[in-house]
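S.K.: For reference, this is data25.txt, and it has compact mmCIF, C-alpha atoms.
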```txt
# COMPACT_ATOMS: atom_id res chain seq x y z
CA MET A 1 -95.44 34.44 82.74
CA GLU A 2 -94.81 31.80 85.37
CA GLU A 3 -98.09 32.72 87.09
CA THR A 4 -100.09 31.56 84.08
CA ALA A 5 -98.66 28.05 84.24
CA GLY A 6 -101.29 25.46 84.98
CA GLU A 7 -104.26 27.71 84.42
CA ILE A 8 -106.18 26.83 81.30
CA LYS A 9 -108.90 29.15 80.09
CA LYS A 10 -111.50 28.64 77.41
CA ILE A 11 -110.75 31.34 74.89
CA MET A 12 -113.20 31.90 72.06
CA TYR A 13 -112.19 33.99 69.08
CA VAL A 14 -115.26 35.46 67.42
CA ASN A 15 -114.70 36.37 63.77
CA ARG A 16 -117.57 38.40 62.38
CA LYS A 17 -116.20 40.45 59.52
CA ALA A 18 -115.42 39.86 55.85
CA PRO A 19 -111.78 39.00 55.10
CA TYR A 20 -111.11 42.14 53.07
CA GLY A 21 -112.41 45.69 53.32
CA THR A 22 -111.10 45.98 56.86
CA ILE A 23 -108.05 44.55 58.61
CA TYR A 24 -109.93 42.83 61.45
CA ALA A 25 -109.83 39.32 60.00
CA LEU A 26 -106.10 39.41 59.27
CA GLU A 27 -105.18 40.87 62.65
CA ALA A 28 -107.51 38.41 64.39
CA LEU A 29 -105.67 35.54 62.74
CA GLU A 30 -102.38 36.99 64.00
CA VAL A 31 -103.76 36.89 67.56
CA VAL A 32 -104.81 33.26 67.19
CA LEU A 33 -101.41 32.19 65.86
CA ILE A 34 -99.46 34.05 68.55
CA GLY A 35 -101.95 32.91 71.17
CA ALA A 36 -101.31 29.27 70.37
CA ALA A 37 -98.04 29.49 72.32
CA PHE A 38 -100.07 29.98 75.52
CA GLU A 39 -101.57 26.50 75.21
CA GLN A 40 -105.07 27.48 76.25
CA ASP A 41 -108.34 25.77 75.33
CA VAL A 42 -109.07 27.84 72.22
CA MET A 43 -111.89 27.78 69.72
CA MET A 44 -112.73 29.93 66.73
CA ILE A 45 -116.21 30.78 65.59
CA PHE A 46 -116.89 32.34 62.22
CA MET A 47 -120.24 34.08 61.92
CA ASP A 48 -121.99 36.90 60.06
CA ASP A 49 -119.72 37.99 57.15
CA GLY A 50 -116.87 36.30 59.05
CA VAL A 51 -117.80 33.02 57.33
CA PHE A 52 -116.36 34.50 54.11
CA GLN A 53 -112.91 34.44 55.73
CA LEU A 54 -112.83 30.68 55.12
CA LYS A 55 -114.11 30.79 51.54
CA LYS A 56 -112.11 28.73 49.04
CA GLU A 57 -110.42 30.31 46.02
CA GLN A 58 -110.09 33.84 47.29
CA ASP A 59 -108.56 36.06 44.62
CA THR A 60 -107.33 39.41 45.85
CA LYS A 61 -105.29 40.45 42.80
CA ALA A 62 -107.66 43.23 41.84
CA LEU A 63 -107.72 44.51 45.42
CA GLY A 64 -103.95 44.82 45.63
CA VAL A 65 -103.85 43.17 49.06
CA LYS A 66 -102.38 39.86 50.11
CA ASN A 67 -104.59 36.79 50.06
CA PHE A 68 -103.96 35.48 53.55
CA SER A 69 -106.57 32.72 53.45
CA PRO A 70 -103.98 29.89 53.04
CA THR A 71 -102.82 30.75 56.57
CA TYR A 72 -106.05 29.26 57.95
CA ARG A 73 -104.71 25.89 56.81
CA ALA A 74 -101.81 26.34 59.27
CA LEU A 75 -104.15 26.51 62.26
CA GLU A 76 -104.05 22.75 62.61
CA MET A 77 -100.27 22.85 63.08
CA TYR A 78 -100.80 25.35 65.88
CA ASP A 79 -103.19 22.89 67.56
CA VAL A 80 -106.16 25.13 66.89
CA GLU A 81 -108.64 22.40 66.11
CA LYS A 82 -111.97 23.65 67.38
CA ILE A 83 -113.15 25.67 64.42
CA TYR A 84 -116.83 26.40 64.03
CA VAL A 85 -119.06 28.24 61.59
CA GLU A 86 -122.53 29.45 62.43
CA LYS A 87 -125.19 27.60 60.47
CA GLU A 88 -127.50 30.56 59.95
CA SER A 89 -124.69 32.82 58.71
CA MET A 90 -123.66 30.15 56.18
CA GLU A 91 -127.20 29.57 54.94
CA VAL A 92 -128.08 33.19 54.45
CA ARG A 93 -124.91 33.64 52.34
CA GLY A 94 -125.48 30.49 50.29
CA LEU A 95 -122.38 28.75 51.62
CA THR A 96 -121.86 25.10 52.51
CA VAL A 97 -118.86 23.48 54.20
CA ASP A 98 -117.71 22.37 50.73
CA ASP A 99 -117.06 26.03 49.92
CA LEU A 100 -114.57 26.38 52.78
CA ILE A 101 -110.79 26.10 52.77
CA ILE A 102 -110.55 24.01 55.96
CA PRO A 103 -112.75 21.45 57.70
CA VAL A 104 -115.10 23.03 60.21
CA GLU A 105 -117.95 22.05 62.44
CA VAL A 106 -121.31 23.73 61.84
CA LYS A 107 -123.12 25.04 64.91
CA SER A 108 -126.55 26.58 65.16
CA ASN A 109 -126.99 30.06 66.54
CA GLU A 110 -128.38 28.49 69.69
CA GLU A 111 -125.30 26.29 70.10
CA VAL A 112 -123.00 29.25 69.46
CA THR A 113 -124.81 31.24 72.14
CA LYS A 114 -124.31 28.38 74.58
CA MET A 115 -120.60 28.09 73.69
CA MET A 116 -120.16 31.82 74.23
CA GLY A 117 -121.77 31.49 77.63
CA GLU A 118 -119.35 28.72 78.56
CA ALA A 119 -116.19 30.50 77.37
CA ASP A 120 -113.99 32.29 79.92
CA VAL A 121 -112.78 34.84 77.39
CA LEU A 122 -114.44 36.15 74.23
CA LEU A 123 -112.23 38.12 71.88
CA ASN A 124 -114.31 39.74 69.14
CA PHE A 125 -112.90 40.76 65.82
CA MET B 1 -112.39 42.23 90.25
CA LYS B 2 -109.40 42.24 87.95
CA PHE B 3 -110.22 43.55 84.46
CA GLY B 4 -108.30 43.20 81.22
CA ILE B 5 -109.26 45.69 78.53
CA MET B 6 -108.82 45.67 74.77
CA VAL B 7 -109.41 48.84 72.74
CA SER B 8 -109.82 48.04 69.04
CA GLU B 9 -110.64 51.40 67.53
CA GLY B 10 -108.86 54.70 67.08
CA PRO B 11 -109.69 57.86 69.02
CA TYR B 12 -112.20 60.47 67.78
CA THR B 13 -113.40 58.40 64.80
CA HIS B 14 -114.99 55.88 67.11
CA GLN B 15 -116.45 55.98 70.59
CA ALA B 16 -114.59 52.87 71.79
CA ALA B 17 -111.69 54.82 73.35
CA ASP B 18 -114.07 57.10 75.28
CA THR B 19 -116.24 54.23 76.49
CA ALA B 20 -113.20 52.22 77.54
CA TYR B 21 -111.82 55.21 79.42
CA ASN B 22 -115.13 55.84 81.19
CA PHE B 23 -115.46 52.15 82.04
CA ILE B 24 -111.94 52.07 83.51
CA ALA B 25 -112.47 55.27 85.51
CA ALA B 26 -115.72 53.87 86.94
CA ALA B 27 -114.13 50.49 87.70
CA LEU B 28 -111.21 52.11 89.53
CA GLU B 29 -113.57 54.27 91.52
CA LYS B 30 -115.39 51.13 92.66
CA GLY B 31 -112.08 49.64 93.80
CA HIS B 32 -111.54 47.21 90.92
CA GLU B 33 -108.16 46.51 89.41
CA ILE B 34 -107.20 47.12 85.78
CA TYR B 35 -104.62 44.51 84.89
CA ARG B 36 -103.79 45.96 81.48
CA VAL B 37 -105.22 47.97 78.61
CA PHE B 38 -104.20 46.49 75.28
CA PHE B 39 -104.57 48.62 72.16
CA TYR B 40 -105.05 46.72 68.91
CA HIS B 41 -106.08 47.44 65.32
CA ASP B 42 -106.56 51.23 64.93
CA GLY B 43 -106.68 51.38 68.73
CA VAL B 44 -102.90 51.92 68.66
CA ASN B 45 -103.64 55.48 67.49
CA ASN B 46 -104.65 56.18 71.08
CA GLY B 47 -100.93 56.20 71.83
CA THR B 48 -99.50 58.98 69.67
CA ARG B 49 -98.38 62.08 71.54
CA LEU B 50 -98.71 64.14 68.35
CA THR B 51 -102.48 64.18 68.73
CA THR B 52 -103.66 67.80 68.77
CA PRO B 53 -107.42 68.09 69.14
CA PRO B 54 -109.20 71.47 69.15
CA GLN B 55 -108.92 73.20 72.52
CA ASP B 56 -112.59 72.78 73.36
CA ASP B 57 -112.45 69.03 72.81
CA ARG B 58 -111.19 66.26 75.09
CA ASN B 59 -107.60 65.16 74.60
CA ILE B 60 -108.02 61.40 74.50
CA VAL B 61 -104.31 60.58 74.36
CA LYS B 62 -103.39 62.90 77.21
CA ARG B 63 -106.26 61.46 79.22
CA TRP B 64 -104.74 57.96 78.84
CA SER B 65 -101.29 59.21 79.84
CA GLU B 66 -102.69 60.89 82.94
CA LEU B 67 -104.66 57.78 83.85
CA ALA B 68 -101.54 55.65 83.52
CA GLU B 69 -99.54 57.98 85.70
CA LYS B 70 -102.17 58.39 88.39
CA HIS B 71 -103.18 54.73 88.69
CA GLU B 72 -100.05 53.00 87.35
CA ILE B 73 -102.05 51.33 84.61
CA ASP B 74 -100.24 49.23 82.03
CA LEU B 75 -101.08 50.68 78.61
CA VAL B 76 -99.76 48.44 75.85
CA LEU B 77 -99.72 49.14 72.12
CA CYS B 78 -99.49 46.06 69.92
CA VAL B 79 -96.16 46.22 68.12
CA ALA B 80 -97.36 44.74 64.82
CA ALA B 81 -100.43 46.98 64.71
CA ALA B 82 -98.34 50.01 65.73
CA GLN B 83 -95.72 49.39 63.04
CA ARG B 84 -98.41 49.23 60.34
CA ARG B 85 -99.86 52.53 61.52
CA GLY B 86 -96.67 54.47 62.20
CA ILE B 87 -96.71 54.51 66.00
CA ALA B 88 -93.23 54.06 67.46
CA ASP B 89 -91.24 54.61 70.63
CA ALA B 90 -87.58 55.58 70.42
CA ASP B 91 -86.37 51.96 70.31
CA GLU B 92 -88.84 50.88 67.66
CA SER B 93 -88.07 53.94 65.59
CA LYS B 94 -84.36 53.22 65.71
CA ARG B 95 -84.80 49.54 64.98
CA ASN B 96 -86.84 50.31 61.89
CA GLY B 97 -84.55 53.09 60.69
CA LYS B 98 -87.10 55.87 61.13
CA ASP B 99 -86.29 59.53 61.81
CA ALA B 100 -88.86 60.13 64.55
CA ASP B 101 -90.89 58.54 67.31
CA ASN B 102 -94.30 59.51 68.59
CA MET B 103 -95.41 57.28 71.45
CA ALA B 104 -97.18 59.14 74.23
CA PRO B 105 -96.02 58.94 77.89
CA GLY B 106 -97.44 56.10 79.94
CA PHE B 107 -97.67 53.70 77.00
CA ARG B 108 -95.35 50.90 76.03
CA ILE B 109 -95.05 48.82 72.88
CA SER B 110 -95.13 45.06 73.16
CA GLY B 111 -96.37 41.92 71.46
CA LEU B 112 -99.73 40.21 71.11
CA GLY B 113 -98.72 37.86 73.90
CA GLN B 114 -99.61 40.70 76.26
CA LEU B 115 -103.23 40.47 75.11
CA LEU B 116 -103.32 36.74 75.70
CA GLU B 117 -101.61 37.03 79.04
CA ALA B 118 -104.09 39.70 80.15
CA SER B 119 -106.96 37.45 79.01
CA ILE B 120 -105.61 34.63 81.13
CA GLN B 121 -104.75 36.71 84.20
CA ALA B 122 -107.84 38.89 84.35
CA ASP B 123 -111.13 37.80 85.86
CA ARG B 124 -112.90 39.51 82.96
CA MET B 125 -111.63 40.59 79.57
CA VAL B 126 -113.66 43.47 78.12
CA VAL B 127 -113.34 44.43 74.47
CA PHE B 128 -114.19 47.95 73.29
CA GLY B 129 -114.65 48.19 69.55
CA ASP B 130 -117.11 47.34 66.80
```
Let's see the structure in the file written out as structure tokens.

M.R.:
Amino acid sequence: MEETAGEIKKIMYVNRKAPYGTIYALEALEVVLIGAAFEQDVMMIFMDDGVFQLKKEQDTKALGVKNFSPTYRALEMYDVEKIYVEKESMEVRGLTVDDLIIPVEVKSNEEVTKMMGEADVLLNF
Amino acid sequence: MKFGIMVSEGPYTHQAADTAYNFIAAALEKGHEIYRVFFYHDGVNNGTRLTTPPQDDRNIVKRWSELAEKHEIDLVLCVAAAQRRGIADADESKRNGKDADNMAPGFRISGLGQLLEASIQADRMVVFGD
């Protein structure tokens, strides 16, 4: 991996799906955690049903799957600090930042579009 | 241009594997380079040699293997995703105490770091999935 040394790319992880029902959210989080070792300029955006991934007090007992939401709290330790939620997705689902498990920055759809345009890499989950 | 590719969906159920394949074939024909194809989520099912489609249908797995052989393309199955879904090469199978392996020729199993590395190395990362 010596060739990657010195090159920093803007990597944007786009999380669009609900935390349960499909595995995308969990496997996306695994990419972000592993990816932290590459020391790139990373950001995460949660939009559409993806905003539910950060919802407080998730209870998965009845589903029989693991509640992995506490792992989002570890992102800070991995130096993943640019975490955004899309304003419109939050509003339409009746969510505010107080409903979320970690501190986030709220961005409008227009701002998200701009950020996507500026990113070198978009990984959609 | 140097392309990195991620395939996030399994074959036959979803068009992603076909579209990715067609994209890669077209890119190669135009003289572009494919740095790596990384298979994630159900995409790892593109790498089982036990796939047996009806004779009048395309064989998606075989098509990948042939592409890898002809153009020396790096086809990587995510190890964590592959373990969940029962895709293993001989080493993985042995390590996990299984009685069989099923990885198709031309593929290899490796970690998520390969996705990140491809994202950094490639000029463009293209994701095929939902």

S.K.: If you count all atoms listed in the file, which residues fall within 7 Å of Phe125 in chain A, apart from same-chain ones fewer than 6 positions away, as a list in words?

M.R.: Val14, Asn15, Arg16, Tyr24, Ala25 and Ala28 of chain A

S.K.: Considering all atoms listed in the file, state which residue in the set B:Phe23, B:Tyr40, B:Tyr35, B:Tyr12 is at the smallest distance from chain A.

M.R.: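 Selected residue with least distance to chain A: B:Tyr40.
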
S.K.: Could you tell me which residues of chain B sit within 12 Å of chain A when counting only C-alpha atoms, and give me the result as a PyMOL selection string?

M.R.: chain B and resi 3-9+40-43+78-82+84-85+111-130

S.K.: Excluding same-chain residues fewer than 4 positions from range 81-96 of chain A, what lies within 8 Å of it counting all atoms listed in the file, as a ChimeraX atom specification?

M.R.: /A:42-49,51,75-76,100,103-109,112

S.K.: Env of Ala88 in chain B: 12 Å cut, atoms = all atoms listed in the file, seq-sep filter 6 positions within chain, self excluded. Answer as number ranges by chain.

M.R.: B: 44-45, 47-50, 77-82, 94-105, 107-110

S.K.: Could you please take those selected residues and save C-alpha atoms as a tab-separated table (two decimals), in the coordinates of the input?

M.R.:
```tsv
chain	number	residue	atom	x	y	z
B	44	VAL	CA	-102.90	51.92	68.66
B	45	ASN	CA	-103.64	55.48	67.49
B	47	GLY	CA	-100.93	56.20	71.83
B	48	THR	CA	-99.50	58.98	69.67
B	49	ARG	CA	-98.38	62.08	71.54
B	50	LEU	CA	-98.71	64.14	68.35
B	77	LEU	CA	-99.72	49.14	72.12
B	78	CYS	CA	-99.49	46.06	69.92
B	79	VAL	CA	-96.16	46.22	68.12
B	80	ALA	CA	-97.36	44.74	64.82
B	81	ALA	CA	-100.43	46.98	64.71
B	82	ALA	CA	-98.34	50.01	65.73
B	94	LYS	CA	-84.36	53.22	65.71
B	95	ARG	CA	-84.80	49.54	64.98
B	96	ASN	CA	-86.84	50.31	61.89
B	97	GLY	CA	-84.55	53.09	60.69
B	98	LYS	CA	-87.10	55.87	61.13
B	99	ASP	CA	-86.29	59.53	61.81
B	100	ALA	CA	-88.86	60.13	64.55
B	101	ASP	CA	-90.89	58.54	67.31
B	102	ASN	CA	-94.30	59.51	68.59
B	103	MET	CA	-95.41	57.28	71.45
B	104	ALA	CA	-97.18	59.14	74.23
B	105	PRO	CA	-96.02	58.94	77.89
B	107	PHE	CA	-97.67	53.70	77.00
B	108	ARG	CA	-95.35	50.90	76.03
B	109	ILE	CA	-95.05	48.82	72.88
B	110	SER	CA	-95.13	45.06	73.16
```
